[in-house]
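Engineer: The structure follows.
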Amino acid sequence: MTEKSELLDMRWDGWGDPARAAEKLPGGVKLLLTAVLGHKPRRSGTIGLAEVELTGPALDPADEQALAAVVGAEHVRTDHDTRVLHAGGKSTPDLVRRRERRQAVPGAVVLPGGEEEVAAVLRVAAERGLAVVPFGGGTAVTGGLAPEAGGHRGVVSVDLRRLAGLEVLDDVSGEATFWAGTRGPAAEAALAERGFELGHLPQSFEFASLGGFAAMRSSGQNSAGHGRFDAMVTGLRVVTPTGTLDLGRAPGSAAGPDLARVFLGSEGVFGVITQVRLRVHETPVERCFDAFTFSDFRSGADALRRVVQAGTGPTVIRLSDEAETAVSLAQVGSIGKALSKGCTAVVLHEGPAGSAGARREATVAVLRAAGGRPASRKLAEAWDHGRFGAPYLRDTLLEHGVFVETLETATTWSRLHVLRAAVTGALAEGFGAAGARYRILCHVSHVYPTGASLYFTVVAGLGGDMAAAWAPVKARVNDAIMAAGGTISHHHGVGADHAPWLEREIGEHGLRVLRAIKRELDPDAIMNPGALLPPERRPDGPA
Ligand SMILES: Cc1cc2nc3c(=O)[nH]c(=O)nc-3n(C[C@H](O)[C@H](O)[C@H](O)COP(=O)(O)OP(=O)(O)OC[C@H]3O[C@@H](n4cnc5c(N)ncnc54)[C@H](O)[C@@H]3O)c2cc1C
């Protein structure tokens, strides 16, 4: 109902802060790309926001009035710009779609200001036959924010940014309760004022919300020390179309299955997470960075395994393969000259005063014994300094016609190299079939005593419709991941993009259990029809 949007704090057709968008490709990157792609990348024109033609059903005036009666007219947005901003997430195919003239968008964006308003919005949506897509920070990369109506009359994006802030900090227990729309930096700032930290730092940290982290089972770069986001969650409040749940009474409980876990990874299909209770810790005062080189990926991965199994306690430990090491070294210039071969691991130990040194020594001893050679710690500091910068480079590459996308999976240590070979092989076959030149970078991004996740970045010269050319390559990779025993996602989630593979992950019976839970919580199937659960096969319908 308002004319203009003030919600465009993130680039509508790219990543992050519009003020940090770079027009030019760094010279070194341009040279590297010319070698990989066989031609000089050239900047091409992009479409302006005002030129986008909206598709997808608009809401009736009566729908808008019913929603306005609940949240106030100023919190029901139907203007062009706000609808485009809520049309999807930030995967590379999403960004390719943001460059098209005609774009599917939600009919309205609603901004509830409290839990009661969330519940009332769901009631209105169910009564009026509208689908609801919960919207946190809008950083999803697996298609879970697509305005899919699922047979309903229209789609309402429920943006949770007004449900933000620290509600309670229990500094004795080290537990903080936040409203779900709180974004990463705001959560850390509120805790820092009281001497605490959450320490969840995914690369999307600057814009993603705590509710989104819970809904997607996110994993941050400090996961070796603080665990995945789901490991930090001690309680949740969730508003579903059939009622509100308040879950998580005690730090440990044997009161039946842990229902809160049902909503971690639920991707908005069961309801809206309104509050998240989290384990927090005192702000670390010591930070010690180290870097090591290994002759190859296999010996580096084995060293990481030994560290995590010995439990020496780094906050960050990650290993880049040869290709990713070369790119990182190129980015930090002269530091890399002495280290042009092999794989690099970056390590961070942190904690209260006097706590990091002994752990660091123990980790260093394990890495050395496993064949690691100490490298300049500036390498690790440079990684820390630039850790949120790569997504900005993706935009500039895309504007120069270069396709860059990431994908991830996980498995046990004993199967890690089989999985890596399977993904790399599938990518090579897929790009080969597309006739595209490419480069694959890989790193071990998260470690567990029993296994690790592998994170791949692909850079490719895909011509024409890049999203259409990428789809069969990605499908081939997903098949290969399943065949090699990996998970379809370690932390990016299922969304729409991985939904066809969910049955192979959890089995046909597992899928039926999830659908039964959904029927109980969301009998009209209004909640995010495009995410997580693949469309149901009907006995009389097409297979
Ligand atoms: C550049 C970039 C880097 C990234 N790096 C990482 C990384 O390091 N680690 C990682 O794990 N992920 C990463 N991601 C993926 C993404 O940021 C995460 O999945 C994040 O958890 C999404 O949070 P969000 O608030 O942006 O959620 P959104 O994108 O708004 O929503 C994601 C999904 O959750 C649902 N949802 C959102 N909020 C709620 C809620 N309150 N209640 C119910 N459902 C909700 C939505 O409907 C949607 O299905 C990255 C993405 C980008 C673009």
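Residue numbers start at 1 in each chain; chains themselves are named A, B, ... in the order of the structure tokens; ligands are numbered from 1 in the order shown.
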Please return, as number ranges by chain, all residues of range 74-230 of chain A that DSSP assigns to alpha helix (DSSP H) on the basis of the backbone.

Structural biologist: A: 80-85, 92-97, 115-128, 184-192, 210-216, 223-226, 229-230

Engineer: Let's have the selection written as a compact mmCIF listing (two decimals), in the first residue's frame, with N, CA and C atoms.

Structural biologist:
# COMPACT_ATOMS: atom_id res chain seq x y z
N HIS A 80 6.24 -2.11 -6.20
CA HIS A 80 7.07 -2.86 -7.16
C HIS A 80 8.41 -3.29 -6.56
N ASP A 81 9.16 -2.33 -5.96
CA ASP A 81 10.54 -2.61 -5.53
C ASP A 81 10.58 -3.63 -4.38
N THR A 82 9.67 -3.47 -3.43
CA THR A 82 9.66 -4.40 -2.29
C THR A 82 9.31 -5.80 -2.75
N ARG A 83 8.38 -5.91 -3.71
CA ARG A 83 8.01 -7.26 -4.19
C ARG A 83 9.20 -7.91 -4.90
N VAL A 84 9.94 -7.13 -5.70
CA VAL A 84 11.10 -7.72 -6.39
C VAL A 84 12.16 -8.15 -5.37
N LEU A 85 12.36 -7.33 -4.35
CA LEU A 85 13.37 -7.64 -3.32
C LEU A 85 13.05 -8.96 -2.59
N THR A 92 23.48 -18.22 -7.16
CA THR A 92 23.81 -17.65 -8.47
C THR A 92 22.62 -17.76 -9.44
N PRO A 93 21.91 -18.91 -9.51
CA PRO A 93 20.71 -18.94 -10.37
C PRO A 93 19.70 -17.86 -9.98
N ASP A 94 19.55 -17.58 -8.65
CA ASP A 94 18.66 -16.48 -8.23
C ASP A 94 19.12 -15.17 -8.85
N LEU A 95 20.42 -14.93 -8.79
CA LEU A 95 20.95 -13.65 -9.29
C LEU A 95 20.84 -13.57 -10.81
N VAL A 96 20.96 -14.72 -11.47
CA VAL A 96 20.75 -14.74 -12.93
C VAL A 96 19.29 -14.37 -13.23
N ARG A 97 18.37 -14.92 -12.43
CA ARG A 97 16.93 -14.59 -12.62
C ARG A 97 16.67 -13.11 -12.36
N GLU A 115 4.52 -11.58 17.89
CA GLU A 115 4.12 -12.97 17.68
C GLU A 115 2.62 -13.11 17.40
N GLU A 116 1.82 -12.30 18.12
CA GLU A 116 0.37 -12.33 17.90
C GLU A 116 0.04 -11.97 16.45
N GLU A 117 0.78 -10.99 15.94
CA GLU A 117 0.54 -10.57 14.55
C GLU A 117 0.94 -11.67 13.56
N VAL A 118 2.02 -12.39 13.87
CA VAL A 118 2.41 -13.51 13.01
C VAL A 118 1.27 -14.53 12.96
N ALA A 119 0.76 -14.86 14.16
CA ALA A 119 -0.33 -15.86 14.23
C ALA A 119 -1.55 -15.36 13.45
N ALA A 120 -1.86 -14.07 13.57
CA ALA A 120 -3.03 -13.53 12.88
C ALA A 120 -2.82 -13.52 11.35
N VAL A 121 -1.59 -13.23 10.92
CA VAL A 121 -1.31 -13.26 9.47
C VAL A 121 -1.53 -14.68 8.93
N LEU A 122 -1.07 -15.69 9.69
CA LEU A 122 -1.26 -17.08 9.22
C LEU A 122 -2.75 -17.41 9.16
N ARG A 123 -3.52 -16.92 10.15
CA ARG A 123 -4.98 -17.17 10.14
C ARG A 123 -5.62 -16.55 8.90
N VAL A 124 -5.27 -15.29 8.63
CA VAL A 124 -5.84 -14.61 7.45
C VAL A 124 -5.46 -15.37 6.19
N ALA A 125 -4.19 -15.76 6.10
CA ALA A 125 -3.72 -16.46 4.90
C ALA A 125 -4.49 -17.76 4.70
N ALA A 126 -4.67 -18.52 5.79
CA ALA A 126 -5.39 -19.80 5.67
C ALA A 126 -6.85 -19.56 5.25
N GLU A 127 -7.48 -18.57 5.89
CA GLU A 127 -8.89 -18.29 5.56
C GLU A 127 -9.06 -17.84 4.11
N ARG A 128 -8.08 -17.08 3.61
CA ARG A 128 -8.24 -16.48 2.29
C ARG A 128 -7.51 -17.25 1.20
N GLY A 184 22.64 -11.19 12.09
CA GLY A 184 23.89 -11.56 12.76
C GLY A 184 24.59 -10.40 13.45
N PRO A 185 24.91 -9.30 12.74
CA PRO A 185 25.67 -8.21 13.40
C PRO A 185 24.91 -7.59 14.57
N ALA A 186 23.58 -7.46 14.45
CA ALA A 186 22.79 -6.86 15.54
C ALA A 186 22.82 -7.77 16.76
N ALA A 187 22.77 -9.08 16.54
CA ALA A 187 22.82 -10.03 17.66
C ALA A 187 24.17 -9.93 18.36
N GLU A 188 25.25 -9.90 17.57
CA GLU A 188 26.58 -9.83 18.18
C GLU A 188 26.77 -8.50 18.91
N ALA A 189 26.24 -7.40 18.33
CA ALA A 189 26.42 -6.09 18.98
C ALA A 189 25.69 -6.07 20.32
N ALA A 190 24.47 -6.64 20.37
CA ALA A 190 23.71 -6.64 21.62
C ALA A 190 24.42 -7.48 22.68
N LEU A 191 25.00 -8.59 22.27
CA LEU A 191 25.71 -9.45 23.24
C LEU A 191 27.02 -8.80 23.68
N ALA A 192 27.72 -8.16 22.72
CA ALA A 192 29.02 -7.56 23.04
C ALA A 192 28.88 -6.50 24.14
N LEU A 210 18.72 -14.77 12.66
CA LEU A 210 18.82 -15.93 13.56
C LEU A 210 17.73 -16.96 13.24
N GLY A 211 16.53 -16.48 12.91
CA GLY A 211 15.46 -17.41 12.53
C GLY A 211 15.83 -18.19 11.28
N GLY A 212 16.48 -17.50 10.34
CA GLY A 212 16.92 -18.16 9.11
C GLY A 212 18.00 -19.20 9.40
N PHE A 213 18.92 -18.87 10.31
CA PHE A 213 19.96 -19.84 10.68
C PHE A 213 19.32 -21.11 11.24
N ALA A 214 18.28 -20.91 12.09
CA ALA A 214 17.62 -22.08 12.69
C ALA A 214 16.84 -22.85 11.63
N ALA A 215 16.12 -22.10 10.79
CA ALA A 215 15.26 -22.75 9.78
C ALA A 215 16.10 -23.53 8.76
N MET A 216 17.38 -23.11 8.57
CA MET A 216 18.22 -23.75 7.55
C MET A 216 19.32 -24.65 8.15
N SER A 223 32.73 -23.05 13.36
CA SER A 223 32.00 -24.24 13.82
C SER A 223 32.90 -25.22 14.58
N ALA A 224 34.21 -25.22 14.30
CA ALA A 224 35.06 -26.17 15.02
C ALA A 224 35.02 -25.87 16.52
N GLY A 225 34.94 -24.58 16.86
CA GLY A 225 34.91 -24.20 18.28
C GLY A 225 33.52 -24.14 18.87
N HIS A 226 32.57 -23.59 18.12
CA HIS A 226 31.25 -23.33 18.71
C HIS A 226 30.14 -24.24 18.19
N PHE A 229 24.88 -24.02 14.01
CA PHE A 229 23.86 -23.21 14.67
C PHE A 229 22.89 -24.10 15.44
N ASP A 230 22.52 -25.25 14.87
CA ASP A 230 21.55 -26.10 15.58
C ASP A 230 22.09 -26.58 16.92

Engineer: With range 525-533 of chain A as the partner and 7 Å as the cut-off, tabulate the residues of range 239-300 of chain A that qualify, each row holding the nearest pair of atoms and their distance in Å to one decimal, using only C-alpha atoms, sorted by chain and rising number, as CSV.

Structural biologist:
residue,atom,partner,partner_atom,distance
A:Glu267,CA,A:Leu532,CA,6.7
A:Gly268,CA,A:Asn528,CA,5.9
A:Val269,CA,A:Met527,CA,4.7
A:Phe270,CA,A:Met527,CA,6.3
A:Gly271,CA,A:Met527,CA,6.4

Engineer: Those same residues, written as a CSV table (one decimal), in the first residue's frame with all heavy atoms?

Structural biologist:
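Result went into out-v4.csv, see below:
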chain,number,residue,atom,x,y,z
A,267,GLU,N,12.7,-25.0,7.3
A,267,GLU,CA,12.7,-24.1,6.1
A,267,GLU,C,11.3,-23.4,5.9
A,267,GLU,O,10.9,-23.2,4.8
A,267,GLU,CB,13.1,-24.9,4.9
A,267,GLU,CG,14.5,-25.6,5.1
A,267,GLU,CD,15.1,-26.1,3.8
A,267,GLU,OE1,14.6,-25.9,2.7
A,267,GLU,OE2,16.2,-26.7,3.9
A,268,GLY,N,10.6,-23.1,7.0
A,268,GLY,CA,9.4,-22.4,6.9
A,268,GLY,C,8.2,-23.2,6.4
A,268,GLY,O,7.1,-22.6,6.2
A,269,VAL,N,8.3,-24.5,6.4
A,269,VAL,CA,7.2,-25.3,5.8
A,269,VAL,C,6.2,-25.7,7.0
A,269,VAL,O,5.1,-26.2,6.7
A,269,VAL,CB,7.6,-26.5,5.0
A,269,VAL,CG1,8.6,-26.1,3.9
A,269,VAL,CG2,8.2,-27.6,5.8
A,270,PHE,N,6.6,-25.6,8.2
A,270,PHE,CA,5.8,-26.0,9.3
A,270,PHE,C,5.2,-24.8,10.1
A,270,PHE,O,4.2,-24.9,10.8
A,270,PHE,CB,6.5,-26.8,10.4
A,270,PHE,CG,7.0,-28.1,9.9
A,270,PHE,CD1,8.2,-28.7,10.5
A,270,PHE,CD2,6.4,-28.8,8.9
A,270,PHE,CE1,8.6,-30.0,10.0
A,270,PHE,CE2,6.9,-30.1,8.4
A,270,PHE,CZ,8.0,-30.6,9.0
A,271,GLY,N,5.9,-23.6,10.0
A,271,GLY,CA,5.4,-22.4,10.7
A,271,GLY,C,6.5,-21.4,10.7
A,271,GLY,O,7.5,-21.5,10.0

Engineer: For chain A versus ligand 1, which residues have an atom no more than 6 Å away, and what is each residue's nearest atom pair and distance in Å rounded to one decimal, using only C-alpha atoms and all ligand atoms, chain-then-number order, as a Markdown table?

Structural biologist:
| residue | atom | partner | partner_atom_place_in_ligand_line | distance |
| --- | --- | --- | --- | --- |
| A:Gly89 | CA | ligand 1 | 29 (O) | 5.7 |
| A:Lys90 | CA | ligand 1 | 53 (C) | 4.6 |
| A:Ser91 | CA | ligand 1 | 53 (C) | 5.9 |
| A:Val133 | CA | ligand 1 | 47 (O) | 5.1 |
| A:Pro134 | CA | ligand 1 | 47 (O) | 4.0 |
| A:Phe135 | CA | ligand 1 | 30 (O) | 4.0 |
| A:Gly136 | CA | ligand 1 | 30 (O) | 3.3 |
| A:Gly137 | CA | ligand 1 | 26 (O) | 3.4 |
| A:Gly138 | CA | ligand 1 | 30 (O) | 3.5 |
| A:Thr139 | CA | ligand 1 | 26 (O) | 3.6 |
| A:Ala140 | CA | ligand 1 | 29 (O) | 3.4 |
| A:Val141 | CA | ligand 1 | 15 (C) | 5.4 |
| A:Gly144 | CA | ligand 1 | 49 (O) | 4.1 |
| A:Leu145 | CA | ligand 1 | 48 (C) | 5.1 |
| A:Ala180 | CA | ligand 1 | 41 (N) | 5.1 |
| A:Pro202 | CA | ligand 1 | 8 (O) | 3.3 |
| A:Gln203 | CA | ligand 1 | 5 (N) | 3.8 |
| A:Ser204 | CA | ligand 1 | 3 (C) | 4.0 |
| A:Ala208 | CA | ligand 1 | 26 (O) | 3.7 |
| A:Ser209 | CA | ligand 1 | 25 (O) | 3.5 |
| A:Gly211 | CA | ligand 1 | 41 (N) | 3.8 |
| A:Gly212 | CA | ligand 1 | 25 (O) | 3.5 |
| A:Phe213 | CA | ligand 1 | 21 (O) | 3.5 |
| A:Ala215 | CA | ligand 1 | 34 (O) | 4.7 |
| A:Met216 | CA | ligand 1 | 21 (O) | 4.9 |
| A:Ser218 | CA | ligand 1 | 11 (O) | 3.2 |
| A:Ser219 | CA | ligand 1 | 11 (O) | 4.0 |
| A:Gly220 | CA | ligand 1 | 9 (N) | 5.1 |
| A:Glu267 | CA | ligand 1 | 49 (O) | 4.0 |
| A:Gly268 | CA | ligand 1 | 44 (N) | 3.3 |
| A:Gly271 | CA | ligand 1 | 43 (C) | 5.8 |
| A:Val272 | CA | ligand 1 | 42 (N) | 3.7 |
| A:Ile273 | CA | ligand 1 | 42 (N) | 3.7 |
| A:Thr274 | CA | ligand 1 | 41 (N) | 5.6 |
| A:Pro391 | CA | ligand 1 | 1 (C) | 4.8 |
| A:His491 | CA | ligand 1 | 11 (O) | 4.4 |
| A:His492 | CA | ligand 1 | 19 (O) | 5.1 |

Engineer: Generate a file of the selected residues that holds N, CA and C atoms, formatted as a JSON list (two decimals), in the first residue's frame.

Structural biologist:
[["chain", "number", "residue", "atom", "x", "y", "z"],
["A", 89, "GLY", "N", 16.17, -15.76, -3.22],
["A", 89, "GLY", "CA", 17.34, -15.62, -2.36],
["A", 89, "GLY", "C", 18.55, -15.14, -3.14],
["A", 90, "LYS", "N", 19.72, -15.67, -2.80],
["A", 90, "LYS", "CA", 20.97, -15.13, -3.34],
["A", 90, "LYS", "C", 21.88, -16.21, -3.91],
["A", 91, "SER", "N", 21.29, -17.31, -4.40],
["A", 91, "SER", "CA", 22.14, -18.27, -5.12],
["A", 91, "SER", "C", 22.50, -17.65, -6.47],
["A", 133, "VAL", "N", 5.35, -17.28, 2.64],
["A", 133, "VAL", "CA", 6.78, -17.59, 2.60],
["A", 133, "VAL", "C", 7.49, -16.76, 3.68],
["A", 134, "PRO", "N", 7.93, -17.40, 4.79],
["A", 134, "PRO", "CA", 8.69, -16.65, 5.80],
["A", 134, "PRO", "C", 9.99, -16.12, 5.18],
["A", 135, "PHE", "N", 10.34, -14.89, 5.51],
["A", 135, "PHE", "CA", 11.52, -14.24, 4.93],
["A", 135, "PHE", "C", 12.35, -13.66, 6.07],
["A", 136, "GLY", "N", 13.57, -14.18, 6.25],
["A", 136, "GLY", "CA", 14.45, -13.69, 7.31],
["A", 136, "GLY", "C", 15.37, -12.61, 6.76],
["A", 137, "GLY", "N", 16.60, -13.02, 6.38],
["A", 137, "GLY", "CA", 17.53, -12.07, 5.78],
["A", 137, "GLY", "C", 17.52, -12.11, 4.27],
["A", 138, "GLY", "N", 16.84, -13.12, 3.70],
["A", 138, "GLY", "CA", 16.78, -13.22, 2.24],
["A", 138, "GLY", "C", 18.06, -13.74, 1.60],
["A", 139, "THR", "N", 18.87, -14.51, 2.36],
["A", 139, "THR", "CA", 20.17, -14.96, 1.83],
["A", 139, "THR", "C", 20.17, -16.44, 1.40],
["A", 140, "ALA", "N", 19.01, -17.06, 1.37],
["A", 140, "ALA", "CA", 18.92, -18.49, 1.02],
["A", 140, "ALA", "C", 19.60, -18.77, -0.32],
["A", 141, "VAL", "N", 20.22, -19.94, -0.43],
["A", 141, "VAL", "CA", 20.90, -20.26, -1.69],
["A", 141, "VAL", "C", 20.40, -21.57, -2.31],
["A", 144, "GLY", "N", 14.64, -21.68, -1.55],
["A", 144, "GLY", "CA", 13.53, -21.78, -0.61],
["A", 144, "GLY", "C", 12.71, -20.52, -0.42],
["A", 145, "LEU", "N", 13.06, -19.44, -1.11],
["A", 145, "LEU", "CA", 12.28, -18.20, -0.98],
["A", 145, "LEU", "C", 11.47, -17.91, -2.25],
["A", 180, "ALA", "N", 13.40, -13.70, 16.23],
["A", 180, "ALA", "CA", 13.97, -14.44, 15.10],
["A", 180, "ALA", "C", 14.46, -13.58, 13.95],
["A", 202, "PRO", "N", 28.59, -17.50, 9.55],
["A", 202, "PRO", "CA", 28.56, -17.97, 8.16],
["A", 202, "PRO", "C", 28.98, -16.81, 7.25],
["A", 203, "GLN", "N", 29.28, -17.09, 6.01],
["A", 203, "GLN", "CA", 29.73, -16.00, 5.13],
["A", 203, "GLN", "C", 28.60, -15.00, 4.87],
["A", 204, "SER", "N", 27.38, -15.41, 5.13],
["A", 204, "SER", "CA", 26.21, -14.53, 4.94],
["A", 204, "SER", "C", 25.86, -13.76, 6.21],
["A", 208, "ALA", "N", 22.03, -12.30, 7.14],
["A", 208, "ALA", "CA", 21.11, -13.39, 7.50],
["A", 208, "ALA", "C", 20.60, -13.21, 8.94],
["A", 209, "SER", "N", 19.44, -13.82, 9.20],
["A", 209, "SER", "CA", 18.78, -13.65, 10.51],
["A", 209, "SER", "C", 18.92, -14.92, 11.36],
["A", 211, "GLY", "N", 16.53, -16.48, 12.91],
["A", 211, "GLY", "CA", 15.46, -17.41, 12.53],
["A", 211, "GLY", "C", 15.83, -18.19, 11.28],
["A", 212, "GLY", "N", 16.48, -17.50, 10.34],
["A", 212, "GLY", "CA", 16.92, -18.16, 9.11],
["A", 212, "GLY", "C", 18.00, -19.20, 9.40],
["A", 213, "PHE", "N", 18.92, -18.87, 10.31],
["A", 213, "PHE", "CA", 19.96, -19.84, 10.68],
["A", 213, "PHE", "C", 19.32, -21.11, 11.24],
["A", 215, "ALA", "N", 16.12, -22.10, 10.79],
["A", 215, "ALA", "CA", 15.26, -22.75, 9.78],
["A", 215, "ALA", "C", 16.10, -23.53, 8.76],
["A", 216, "MET", "N", 17.38, -23.11, 8.57],
["A", 216, "MET", "CA", 18.22, -23.75, 7.55],
["A", 216, "MET", "C", 19.32, -24.65, 8.15],
["A", 218, "SER", "N", 22.08, -23.72, 9.69],
["A", 218, "SER", "CA", 23.29, -23.11, 9.16],
["A", 218, "SER", "C", 24.54, -23.57, 9.91],
["A", 219, "SER", "N", 25.67, -23.43, 9.26],
["A", 219, "SER", "CA", 26.94, -23.72, 9.93],
["A", 219, "SER", "C", 27.90, -22.57, 9.65],
["A", 220, "GLY", "N", 28.51, -22.03, 10.69],
["A", 220, "GLY", "CA", 29.39, -20.87, 10.53],
["A", 220, "GLY", "C", 30.85, -21.26, 10.47],
["A", 267, "GLU", "N", 12.70, -24.97, 7.33],
["A", 267, "GLU", "CA", 12.67, -24.12, 6.13],
["A", 267, "GLU", "C", 11.33, -23.43, 5.90],
["A", 268, "GLY", "N", 10.64, -23.12, 7.00],
["A", 268, "GLY", "CA", 9.39, -22.36, 6.89],
["A", 268, "GLY", "C", 8.20, -23.18, 6.43],
["A", 271, "GLY", "N", 5.87, -23.63, 9.95],
["A", 271, "GLY", "CA", 5.42, -22.45, 10.67],
["A", 271, "GLY", "C", 6.52, -21.40, 10.68],
["A", 272, "VAL", "N", 6.32, -20.38, 11.50],
["A", 272, "VAL", "CA", 7.28, -19.28, 11.59],
["A", 272, "VAL", "C", 7.98, -19.35, 12.94],
["A", 273, "ILE", "N", 9.30, -19.46, 12.92],
["A", 273, "ILE", "CA", 10.07, -19.40, 14.17],
["A", 273, "ILE", "C", 10.08, -17.93, 14.60],
["A", 274, "THR", "N", 9.60, -17.66, 15.81],
["A", 274, "THR", "CA", 9.52, -16.26, 16.24],
["A", 274, "THR", "C", 10.62, -15.91, 17.24],
["A", 391, "PRO", "N", 31.55, -12.93, -1.71],
["A", 391, "PRO", "CA", 30.28, -12.78, -2.42],
["A", 391, "PRO", "C", 30.18, -11.51, -3.27],
["A", 491, "HIS", "N", 24.94, -27.64, 4.93],
["A", 491, "HIS", "CA", 24.43, -26.44, 5.59],
["A", 491, "HIS", "C", 23.62, -25.50, 4.71],
["A", 492, "HIS", "N", 23.58, -25.69, 3.42],
["A", 492, "HIS", "CA", 22.78, -24.78, 2.59],
["A", 492, "HIS", "C", 21.30, -25.15, 2.60]]

Engineer: Within 8 Å of range 245-255 of chain A, counting only C-alpha atoms, which residues show up once you throw out same-chain ones fewer than 4 positions away? Write them as a compact mmCIF listing (two decimals) with C-alpha atoms, in the first residue's frame, please.

Structural biologist:
# COMPACT_ATOMS: atom_id res chain seq x y z
CA THR A 234 18.52 -24.44 23.43
CA GLY A 235 14.94 -23.40 22.75
CA LEU A 236 12.51 -22.10 20.12
CA ARG A 237 9.11 -20.50 19.86
CA VAL A 238 7.25 -21.37 16.67
CA VAL A 239 3.90 -20.10 15.41
CA THR A 240 2.23 -22.67 13.19
CA LEU A 259 10.49 -31.62 19.33
CA ALA A 260 12.61 -28.48 18.86
